[in-house]
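The next block is start.txt, given as compact mmCIF, C-alpha atoms.
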# COMPACT_ATOMS: atom_id res chain seq x y z
CA MET Z 6 -9.33 46.19 -82.62
CA LYS Z 7 -9.48 45.05 -86.23
CA LYS Z 8 -7.74 46.42 -89.31
CA LEU Z 9 -8.58 46.08 -92.98
CA HIS Z 10 -5.65 45.90 -95.33
CA LEU Z 11 -5.36 48.45 -98.12
CA LEU Z 12 -5.61 45.79 -100.83
CA VAL Z 13 -8.92 44.49 -99.51
CA CYS Z 14 -10.30 48.01 -99.27
CA LEU Z 15 -9.30 48.78 -102.84
CA ILE Z 16 -10.99 45.62 -104.08
CA VAL Z 17 -14.18 46.49 -102.24
CA LEU Z 18 -14.08 50.05 -103.54
CA GLY Z 19 -13.57 48.81 -107.08
CA GLN Z 20 -16.51 46.46 -106.79
CA SER Z 21 -18.74 49.25 -105.52
CA LEU Z 22 -17.90 51.38 -108.54
CA LEU Z 23 -19.19 48.62 -110.81
CA LEU Z 24 -22.66 48.72 -109.30
CA ALA Z 25 -25.34 50.07 -111.59
CA GLN Z 26 -27.01 53.32 -110.64
CA GLY Z 27 -30.53 54.70 -110.86
CA ASN Z 28 -33.94 54.16 -109.37
CA ASN Z 29 -34.96 51.10 -111.40
CA THR Z 30 -31.84 48.95 -111.38
CA ARG Z 31 -32.48 45.27 -110.74
CA ASN Z 32 -30.33 43.27 -108.35
CA ASN Z 33 -31.17 40.12 -106.39
CA ASN Z 34 -34.47 40.09 -108.32
CA ALA Z 35 -35.46 43.44 -106.79
CA THR Z 36 -36.46 46.71 -108.38
CA TYR Z 37 -35.29 49.73 -106.41
CA ARG Z 38 -37.36 52.85 -106.04
CA THR Z 39 -36.48 56.27 -104.64
CA ILE Z 40 -39.01 58.60 -103.06
CA GLU Z 41 -37.53 62.01 -102.41
CA ASN Z 42 -38.24 64.71 -99.84
CA LEU Z 43 -40.60 62.89 -97.52
CA SER Z 44 -41.21 64.99 -94.41
CA TYR Z 45 -40.56 63.41 -91.05
CA ARG Z 46 -41.89 66.46 -89.20
CA SER Z 47 -45.35 67.92 -89.69
CA SER Z 48 -44.90 71.00 -87.51
CA GLY Z 49 -42.24 73.52 -86.57
CA ASP Z 50 -40.75 76.70 -87.96
CA SER Z 51 -40.03 77.19 -91.64
CA TYR Z 52 -36.42 76.09 -91.30
CA ALA Z 53 -37.39 72.84 -89.58
CA LEU Z 54 -40.01 72.09 -92.22
CA GLU Z 55 -37.47 72.81 -94.96
CA ARG Z 56 -34.66 70.66 -93.57
CA CYS Z 57 -36.49 67.79 -91.90
CA LYS Z 58 -36.91 65.60 -94.96
CA ILE Z 59 -35.65 62.24 -96.11
CA ASP Z 60 -35.03 60.36 -99.33
CA LEU Z 61 -36.24 56.76 -99.16
CA TYR Z 62 -34.52 54.19 -101.39
CA TYR Z 63 -35.92 50.68 -101.11
CA PRO Z 64 -36.36 47.36 -102.93
CA GLU Z 65 -39.91 46.98 -104.16
CA ASN Z 66 -41.80 43.70 -103.75
CA THR Z 67 -39.21 42.47 -101.24
CA PRO Z 68 -40.97 42.00 -97.92
CA GLY Z 69 -38.93 42.05 -94.73
CA PHE Z 70 -35.97 44.05 -96.02
CA ALA Z 71 -33.42 45.66 -93.69
CA THR Z 72 -33.09 49.45 -93.58
CA VAL Z 73 -30.11 51.72 -92.98
CA VAL Z 74 -30.91 55.20 -91.67
CA TRP Z 75 -28.03 57.32 -92.98
CA PHE Z 76 -26.93 60.70 -91.57
CA HIS Z 77 -24.63 62.83 -93.72
CA GLY Z 78 -21.50 64.55 -92.42
CA GLY Z 79 -20.49 68.19 -92.58
CA GLY Z 80 -19.51 69.23 -89.07
CA LEU Z 81 -23.17 69.88 -88.13
CA THR Z 82 -22.90 73.11 -90.12
CA GLY Z 83 -23.21 71.84 -93.71
CA GLY Z 84 -24.01 68.89 -95.93
CA ASN Z 85 -27.11 67.39 -97.48
CA LYS Z 86 -28.82 64.03 -97.67
CA SER Z 87 -27.85 61.52 -100.32
CA VAL Z 88 -28.10 57.77 -100.69
CA PRO Z 89 -24.56 56.33 -100.64
CA GLU Z 90 -23.67 54.57 -103.87
CA GLN Z 91 -22.09 51.74 -101.88
CA LEU Z 92 -25.49 50.86 -100.36
CA LYS Z 93 -27.43 50.80 -103.61
CA ASN Z 94 -28.50 47.52 -105.20
CA SER Z 95 -27.51 45.58 -102.08
CA GLY Z 96 -30.93 44.37 -100.93
CA LEU Z 97 -31.11 47.15 -98.33
CA ALA Z 98 -33.37 50.15 -97.99
CA VAL Z 99 -31.67 53.45 -97.22
CA ILE Z 100 -33.21 56.47 -95.56
CA ALA Z 101 -30.99 59.48 -96.27
CA VAL Z 102 -31.72 62.19 -93.71
CA ASN Z 103 -31.48 65.96 -93.76
CA TYR Z 104 -31.43 67.62 -90.36
CA ARG Z 105 -31.19 71.18 -89.12
CA LEU Z 106 -27.73 72.73 -89.05
CA LEU Z 107 -25.77 75.11 -86.86
CA PRO Z 108 -25.86 78.10 -86.46
CA ASN Z 109 -29.49 78.22 -87.63
CA ALA Z 110 -30.37 75.61 -85.02
CA THR Z 111 -29.00 74.33 -81.74
CA LEU Z 112 -27.09 71.12 -81.16
CA SER Z 113 -30.17 69.77 -79.39
CA ASP Z 114 -32.17 70.48 -82.55
CA CYS Z 115 -29.71 68.46 -84.64
CA ILE Z 116 -29.89 65.47 -82.31
CA ASP Z 117 -33.65 65.73 -81.96
CA ASP Z 118 -34.03 65.71 -85.74
CA ALA Z 119 -31.92 62.56 -85.94
CA ALA Z 120 -34.16 60.92 -83.34
CA ALA Z 121 -37.30 62.05 -85.16
CA ALA Z 122 -36.04 60.55 -88.43
CA VAL Z 123 -35.35 57.21 -86.76
CA ALA Z 124 -38.78 57.32 -85.10
CA TRP Z 125 -40.33 57.97 -88.52
CA THR Z 126 -38.56 54.88 -89.81
CA PHE Z 127 -39.98 52.68 -87.06
CA SER Z 128 -43.44 54.10 -87.72
CA GLU Z 129 -43.47 54.00 -91.52
CA ILE Z 130 -41.03 51.49 -92.99
CA GLU Z 131 -43.43 48.54 -92.80
CA LYS Z 132 -45.71 50.36 -95.25
CA TYR Z 133 -42.98 49.93 -97.85
CA GLY Z 134 -42.18 46.32 -96.93
CA GLY Z 135 -39.45 46.83 -94.35
CA ASP Z 136 -38.96 45.00 -91.06
CA THR Z 137 -38.80 47.15 -87.93
CA GLN Z 138 -36.52 44.57 -86.32
CA LYS Z 139 -33.93 45.25 -89.03
CA ILE Z 140 -33.40 49.00 -88.69
CA PHE Z 141 -29.73 50.01 -88.60
CA VAL Z 142 -28.47 53.54 -87.93
CA SER Z 143 -25.26 54.90 -89.43
CA GLY Z 144 -23.57 58.06 -90.63
CA HIS Z 145 -20.23 59.63 -91.39
CA SER Z 146 -18.44 62.22 -89.22
CA ALA Z 147 -21.20 64.49 -87.83
CA GLY Z 148 -23.60 61.76 -88.92
CA GLY Z 149 -21.62 59.22 -86.92
CA TYR Z 150 -21.85 61.47 -83.88
CA LEU Z 151 -25.63 61.72 -84.25
CA THR Z 152 -25.82 57.94 -84.62
CA SER Z 153 -24.06 57.36 -81.31
CA MET Z 154 -25.91 60.08 -79.43
CA ILE Z 155 -29.42 58.87 -80.20
CA GLY Z 156 -28.44 55.23 -79.75
CA LEU Z 157 -26.79 55.60 -76.35
CA ASP Z 158 -28.62 58.49 -74.66
CA LYS Z 159 -32.13 57.10 -74.40
CA LYS Z 160 -33.91 60.41 -73.82
CA TRP Z 161 -33.78 61.49 -77.46
CA LEU Z 162 -35.82 58.59 -78.84
CA ALA Z 163 -37.91 58.30 -75.68
CA LYS Z 164 -39.51 61.61 -76.71
CA TYR Z 165 -40.97 59.69 -79.65
CA THR Z 166 -41.87 56.63 -77.55
CA ILE Z 167 -39.10 54.57 -79.16
CA ASP Z 168 -36.64 52.49 -77.15
CA PRO Z 169 -33.26 52.90 -78.87
CA ASP Z 170 -32.45 49.32 -77.93
CA ARG Z 171 -34.83 48.31 -80.73
CA ILE Z 172 -32.21 49.52 -83.22
CA ALA Z 173 -30.52 46.50 -84.79
CA ALA Z 174 -27.06 48.13 -84.62
CA LEU Z 175 -25.31 51.49 -84.45
CA ILE Z 176 -22.56 51.91 -87.05
CA PRO Z 177 -20.83 55.31 -86.74
CA PHE Z 178 -18.12 56.20 -89.29
CA SER Z 179 -15.46 58.53 -87.79
CA GLY Z 180 -17.92 60.16 -85.45
CA HIS Z 181 -17.02 62.07 -82.32
CA ALA Z 182 -17.19 60.09 -79.10
CA ILE Z 183 -16.39 63.19 -77.04
CA SER Z 184 -18.51 66.34 -77.27
CA HIS Z 185 -18.74 67.55 -80.86
CA PHE Z 186 -16.17 70.19 -81.84
CA ALA Z 187 -18.87 72.53 -83.20
CA TYR Z 188 -20.53 72.50 -79.80
CA ARG Z 189 -17.18 73.07 -78.08
CA GLN Z 190 -16.48 76.00 -80.42
CA SER Z 191 -19.82 77.54 -79.44
CA LEU Z 192 -18.58 77.49 -75.83
CA GLY Z 193 -15.35 79.25 -76.79
CA MET Z 194 -13.26 76.09 -76.62
CA LYS Z 195 -10.50 75.16 -79.06
CA ASP Z 196 -10.68 72.14 -81.35
CA THR Z 197 -7.76 70.71 -79.43
CA GLN Z 198 -9.51 70.99 -76.06
CA PRO Z 199 -11.44 67.75 -75.46
CA SER Z 200 -14.59 67.61 -73.39
CA ILE Z 201 -16.91 64.87 -72.19
CA ASP Z 202 -20.27 66.17 -71.02
CA GLU Z 203 -23.98 65.57 -71.67
CA PHE Z 204 -23.38 66.00 -75.42
CA ALA Z 205 -20.73 63.26 -75.61
CA PRO Z 206 -21.62 59.68 -76.56
CA LEU Z 207 -18.89 58.56 -74.15
CA TYR Z 208 -20.97 59.99 -71.30
CA TYR Z 209 -23.66 57.35 -71.93
CA VAL Z 210 -21.72 54.09 -72.21
CA ARG Z 211 -23.98 51.26 -71.04
CA PRO Z 212 -24.02 47.46 -71.26
CA ASP Z 213 -27.51 47.14 -72.75
CA ALA Z 214 -27.06 49.31 -75.85
CA PRO Z 215 -27.58 47.94 -79.38
CA PRO Z 216 -24.56 46.38 -81.10
CA LEU Z 217 -22.00 49.11 -81.74
CA ILE Z 218 -19.69 48.93 -84.76
CA ILE Z 219 -17.20 51.81 -84.67
CA VAL Z 220 -15.20 52.54 -87.84
CA SER Z 221 -12.31 55.01 -88.02
CA GLY Z 222 -9.76 56.07 -90.56
CA ASP Z 223 -6.02 55.64 -90.08
CA ARG Z 224 -5.00 57.03 -86.68
CA GLU Z 225 -2.18 59.03 -88.27
CA MET Z 226 -4.50 60.53 -90.89
CA GLU Z 227 -7.72 61.11 -88.96
CA MET Z 228 -8.91 64.47 -87.61
CA LEU Z 229 -7.73 65.61 -84.17
CA GLY Z 230 -7.22 62.21 -82.62
CA ARG Z 231 -10.56 60.85 -83.83
CA TYR Z 232 -9.29 57.26 -83.81
CA GLU Z 233 -8.02 57.49 -80.24
CA GLU Z 234 -11.25 58.93 -78.86
CA ASN Z 235 -13.16 56.14 -80.57
CA ALA Z 236 -10.72 53.59 -79.22
CA TYR Z 237 -11.45 54.92 -75.73
CA PHE Z 238 -15.18 54.75 -76.53
CA TRP Z 239 -14.73 51.11 -77.56
CA ARG Z 240 -12.73 50.34 -74.43
CA MET Z 241 -15.24 51.91 -72.05
CA MET Z 242 -18.14 50.10 -73.70
CA LYS Z 243 -16.23 46.86 -73.13
CA VAL Z 244 -15.36 47.83 -69.54
CA VAL Z 245 -18.99 48.62 -68.72
CA GLY Z 246 -19.97 45.16 -69.93
CA HIS Z 247 -21.27 45.67 -73.47
CA GLN Z 248 -20.81 42.41 -75.36
CA GLU Z 249 -21.08 43.56 -78.98
CA THR Z 250 -18.79 46.55 -79.47
CA TYR Z 251 -16.35 46.42 -82.38
CA LEU Z 252 -13.63 48.83 -83.50
CA TYR Z 253 -12.12 49.00 -86.99
CA GLU Z 254 -9.23 51.17 -88.16
CA LEU Z 255 -8.86 51.60 -91.92
CA ASP Z 256 -5.13 51.86 -92.63
CA GLY Z 257 -4.19 54.39 -95.27
CA TYR Z 258 -7.51 56.26 -95.28
CA ASN Z 259 -8.04 59.76 -93.96
CA HIS Z 260 -11.21 61.16 -92.40
CA GLY Z 261 -13.04 61.75 -95.65
CA ALA Z 262 -11.78 58.83 -97.72
CA MET Z 263 -12.51 56.20 -95.07
CA ALA Z 264 -16.25 56.25 -95.73
CA ALA Z 265 -16.14 54.35 -99.04
CA PRO Z 266 -14.41 51.19 -97.76
CA ALA Z 267 -16.24 51.43 -94.42
CA PHE Z 268 -19.48 50.45 -96.16
CA HIS Z 269 -18.03 46.95 -96.61
CA ILE Z 270 -17.87 46.65 -92.81
CA LEU Z 271 -21.40 47.98 -92.46
CA LYS Z 272 -22.83 45.50 -94.96
CA SER Z 273 -20.92 42.59 -93.40
CA HIS Z 274 -22.37 43.32 -89.97
CA VAL Z 275 -25.86 43.90 -91.35
CA ARG Z 276 -25.76 40.51 -93.08
CA LYS Z 277 -24.52 38.83 -89.92
CA ILE Z 278 -27.16 40.39 -87.67
CA VAL Z 279 -30.02 39.82 -90.11
CA ALA Z 280 -29.02 36.16 -90.40
CA GLN Z 281 -29.19 35.58 -86.66

If you convert what's in this file into structure tokens, what do you get?
Amino acid sequence: MKKLHLLVCLIVLGQSLLLAQGNNTRNNNATYRTIENLSYRSSGDSYALERCKIDLYYPENTPGFATVVWFHGGGLTGGNKSVPEQLKNSGLAVIAVNYRLLPNATLSDCIDDAAAAVAWTFSEIEKYGGDTQKIFVSGHSAGGYLTSMIGLDKKWLAKYTIDPDRIAALIPFSGHAISHFAYRQSLGMKDTQPSIDEFAPLYYVRPDAPPLIIVSGDREMEMLGRYEENAYFWRMMKVVGHQETYLYELDGYNHGAMAAPAFHILKSHVRKIVAQ
């Protein structure tokens, strides 16, 4: 377990606010471009075709760049894709993903969309200069849950002939490790009634998964014991023999506010893994 002090987080947050914005900002001798509303599905009903789109933000003329596939939060019932400001101008490409939402879709649809977006990344990112060995998957809250599900339960990406172990790292921010509360609600369960079943990342702990970097807000400020379920997730990954599982608790940050400083952890691990 590792903790980041409030002062460090504030410094990182302040630095991120100084970053320039826009599609053509130069940093590290790169020009960044954004392509909006690329479809990662070519078939399906009208709702799937409407929602299953990405925004691609990437450094032009920079071959071999790393990519972060980013899933937004919103409890699987709301939210929309956006490229996080903290990841702009950092030498990384970002794929911001929209996916179908409950109740207009099923939980399986949400997870399948996440897998399809990652599969699209493996198939297409080289066309823009990216390296398929440097694809990282991350997201906040519901997005963190989707990150863990497609990275640990191999069947979702197997549908698209992708081995999830090709992912460079999984970096969920405050995601459920137990079954998602929206799914539990659909079964008539209370938010306070935990469950671990086929829709829980914890159900699929395994020693051969990609590196797993779990980030949580302050345990006293998080939602419904979110830190503790992730701490158990971390522990069981270690018990099963996984060698690269990390757990961070951001003191003083609640469920929503933790995302901004958490990007410092993401970028630190991306740099470390890319340098290996």

Could you produce a table of the residues of segment 68-93 of chain Z lying within 12 Å of segment 148-163 of chain Z, with the nearest pair of atoms per residue and their separation in Å rounded to one decimal, using all atoms listed in the file, ordered by chain and increasing residue number, as CSV?
residue,atom,partner,partner_atom,distance
Z:Val73,CA,Z:Thr152,CA,11.3
Z:Val74,CA,Z:Thr152,CA,9.1
Z:Trp75,CA,Z:Gly148,CA,7.5
Z:Phe76,CA,Z:Gly148,CA,4.4
Z:His77,CA,Z:Gly148,CA,5.0
Z:Gly78,CA,Z:Gly148,CA,4.9
Z:Gly79,CA,Z:Gly148,CA,8.0
Z:Gly80,CA,Z:Gly148,CA,8.5
Z:Leu81,CA,Z:Gly148,CA,8.2
Z:Thr82,CA,Z:Gly148,CA,11.4
Z:Gly83,CA,Z:Gly148,CA,11.2
Z:Gly84,CA,Z:Gly148,CA,10.0
Z:Asn85,CA,Z:Gly148,CA,10.8
Z:Lys86,CA,Z:Gly148,CA,10.4

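For the residues Z:Thr250, Z:Ser179, Z:Gln190, Z:Ser200, ranking by smallest atom-to-atom distance to Ala267 of chain Z using all atoms listed in the file places Z:Ser179 first.
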
* To do: Please tell me which residues are no farther than 10 Å from (-35.6, 64.9, -82.0) in the file, counting only C-alpha atoms, and write them as a PyMOL selection string.
  => chain Z and resi 46+104+113-124+155+160-165

* **Arg240 of chain Z environment, 12 Å, only C-alpha atoms, sequence neighbours closer than 4 positions dropped, as a list in words** =>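 Near Arg240 of chain Z, the qualifying residues are Met6, Ala182, Leu207, Val210, Arg211, Leu217, Ile219, Glu233, Glu234, Asn235, Ala236, Val244, Val245, Gly246, His247, Gln248, Glu249, Thr250, Tyr251 and Leu252 of chain Z.
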
* Nearest candidate to Pro177 of chain Z (options Z:Pro199, Z:Gly134, Z:Gly144, Z:Pro215; using only C-alpha atoms) ->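 The closest residue to Pro177 of chain Z is Z:Gly144.
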
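When all atoms listed in the file are used to measure the gap to Phe238 of chain Z, the shortest distance among Z:Ala262, Z:Tyr253, Z:Ser191, Z:Ile183 belongs to Z:Ile183.
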
* Given the choices Z:Leu106, Z:Leu271, Z:Ala214, Z:Met263, which gets closest to Lys243 of chain Z if the distance is worked out from all atoms listed in the file? ->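 Between Z:Leu106, Z:Leu271, Z:Ala214, Z:Met263, the residue approaching Lys243 of chain Z most closely is Z:Ala214.
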
* So which one's closest to Val279 of chain Z, Z:Ser221, Z:Thr197, Z:Thr166, Z:Thr137? Using only C-alpha atoms, please. ->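 Among the listed residues, Z:Thr137 lies closest to Val279 of chain Z.
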
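Proximity of Z:Leu192, Z:Ala187, Z:Val275, Z:Ile201 to Ser95 of chain Z, computed with only C-alpha atoms, is greatest for Z:Val275.
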
* For Glu203 of chain Z: contacts at 9 Å, all atoms listed in the file, fewer than 5 positions along chain excluded, given as a list of chain:residue names ->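 Returned residues: Z:Asp158, Z:Ser184, Z:Tyr208, Z:Tyr209.
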
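Atom pair atom CA of Leu54 of chain Z / atom CA of Asn109 of chain Z has a distance of 13.0 Å (rounded to one decimal).
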
* **atom CA of Tyr232 of chain Z to atom CA of Tyr188 of chain Z, distance in Å rounded to a single decimal** =>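 Computing it gives 19.4 Å between the two atoms.
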
* **Residues near Phe268 of chain Z, cut-off 8 Å, all atoms listed in the file, skip fewer than 3 positions along chain, as an NGL selection string** => :Z and (91-92 or 264-265 or 271-272)

* Can you tell me, as a list in words, which residues sit within 9 Å of (-32.4, 47.1, -82.6) in the file's frame, using all atoms listed in the file? ->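 It turns out the residues near that spot are Thr137, Gln138, Lys139, Ile140, Phe141, Asp168, Pro169, Asp170, Arg171, Ile172, Ala173, Ala174, Leu175, Ala214, Pro215 and Pro216 of chain Z.
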
Listed atoms of segment 261-278 of chain Z, axis-aligned box, 8 Å per side: centre and edge lengths to one decimal in Å, as AutoDock Vina command-line options?
--center_x -19.5 --center_y 50.3 --center_z -93.4 --size_x 31.4 --size_y 38.9 --size_z 27.4

* What does the distance between atom CA of Ala205 of chain Z and atom CA of His181 of chain Z come to in Å, to one decimal place? ->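 Between atom CA of Ala205 of chain Z and atom CA of His181 of chain Z the gap is 7.8 Å.
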
* Spatial neighbours of Thr67 of chain Z, 10 Å, all atoms listed in the file, chain gap at least 2 places, as a PyMOL selection string -> chain Z and resi 33-37+63-65+69-70+96-97+133-135

Extract segment 206-219 of chain Z from the preceding block and save N, CA and C atoms as a PDB file, in the first residue's frame.
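Wrote it out as selection.pdb, contents follow:
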ATOM      1  N   PRO Z 206     -14.602  -8.072 -10.992  1.00  0.00           N
ATOM      2  CA  PRO Z 206     -13.183  -8.294 -11.290  1.00  0.00           C
ATOM      3  C   PRO Z 206     -12.511  -9.232 -10.302  1.00  0.00           C
ATOM      4  N   LEU Z 207     -12.894  -9.163  -9.030  1.00  0.00           N
ATOM      5  CA  LEU Z 207     -12.311 -10.037  -8.013  1.00  0.00           C
ATOM      6  C   LEU Z 207     -12.474 -11.519  -8.344  1.00  0.00           C
ATOM      7  N   TYR Z 208     -13.500 -11.850  -9.089  1.00  0.00           N
ATOM      8  CA  TYR Z 208     -13.779 -13.241  -9.443  1.00  0.00           C
ATOM      9  C   TYR Z 208     -12.691 -13.815 -10.350  1.00  0.00           C
ATOM     10  N   TYR Z 209     -11.917 -12.921 -11.009  1.00  0.00           N
ATOM     11  CA  TYR Z 209     -10.985 -13.357 -12.049  1.00  0.00           C
ATOM     12  C   TYR Z 209      -9.525 -13.084 -11.700  1.00  0.00           C
ATOM     13  N   VAL Z 210      -9.207 -12.977 -10.407  1.00  0.00           N
ATOM     14  CA  VAL Z 210      -7.812 -12.743 -10.051  1.00  0.00           C
ATOM     15  C   VAL Z 210      -6.959 -13.875 -10.614  1.00  0.00           C
ATOM     16  N   ARG Z 211      -5.813 -13.522 -11.188  1.00  0.00           N
ATOM     17  CA  ARG Z 211      -4.937 -14.517 -11.805  1.00  0.00           C
ATOM     18  C   ARG Z 211      -3.512 -13.987 -11.817  1.00  0.00           C
ATOM     19  N   PRO Z 212      -2.532 -14.885 -11.793  1.00  0.00           N
ATOM     20  CA  PRO Z 212      -1.139 -14.451 -11.682  1.00  0.00           C
ATOM     21  C   PRO Z 212      -0.544 -13.904 -12.964  1.00  0.00           C
ATOM     22  N   ASP Z 213      -1.173 -14.197 -14.113  1.00  0.00           N
ATOM     23  CA  ASP Z 213      -0.579 -13.837 -15.401  1.00  0.00           C
ATOM     24  C   ASP Z 213      -1.226 -12.619 -16.037  1.00  0.00           C
ATOM     25  N   ALA Z 214      -1.968 -11.839 -15.281  1.00  0.00           N
ATOM     26  CA  ALA Z 214      -2.617 -10.644 -15.811  1.00  0.00           C
ATOM     27  C   ALA Z 214      -1.586  -9.546 -16.078  1.00  0.00           C
ATOM     28  N   PRO Z 215      -1.953  -8.529 -16.871  1.00  0.00           N
ATOM     29  CA  PRO Z 215      -1.056  -7.390 -17.057  1.00  0.00           C
ATOM     30  C   PRO Z 215      -0.790  -6.694 -15.721  1.00  0.00           C
ATOM     31  N   PRO Z 216       0.241  -5.865 -15.650  1.00  0.00           N
ATOM     32  CA  PRO Z 216       0.447  -5.063 -14.445  1.00  0.00           C
ATOM     33  C   PRO Z 216      -0.839  -4.335 -14.063  1.00  0.00           C
ATOM     34  N   LEU Z 217      -1.125  -4.310 -12.766  1.00  0.00           N
ATOM     35  CA  LEU Z 217      -2.373  -3.734 -12.266  1.00  0.00           C
ATOM     36  C   LEU Z 217      -2.045  -2.641 -11.253  1.00  0.00           C
ATOM     37  N   ILE Z 218      -2.405  -1.415 -11.585  1.00  0.00           N
ATOM     38  CA  ILE Z 218      -2.146  -0.271 -10.716  1.00  0.00           C
ATOM     39  C   ILE Z 218      -3.497   0.257 -10.246  1.00  0.00           C
ATOM     40  N   ILE Z 219      -3.844  -0.013  -9.001  1.00  0.00           N
ATOM     41  CA  ILE Z 219      -5.143   0.339  -8.442  1.00  0.00           C
ATOM     42  C   ILE Z 219      -5.001   1.644  -7.662  1.00  0.00           C
TER      43      ILE Z 219
END
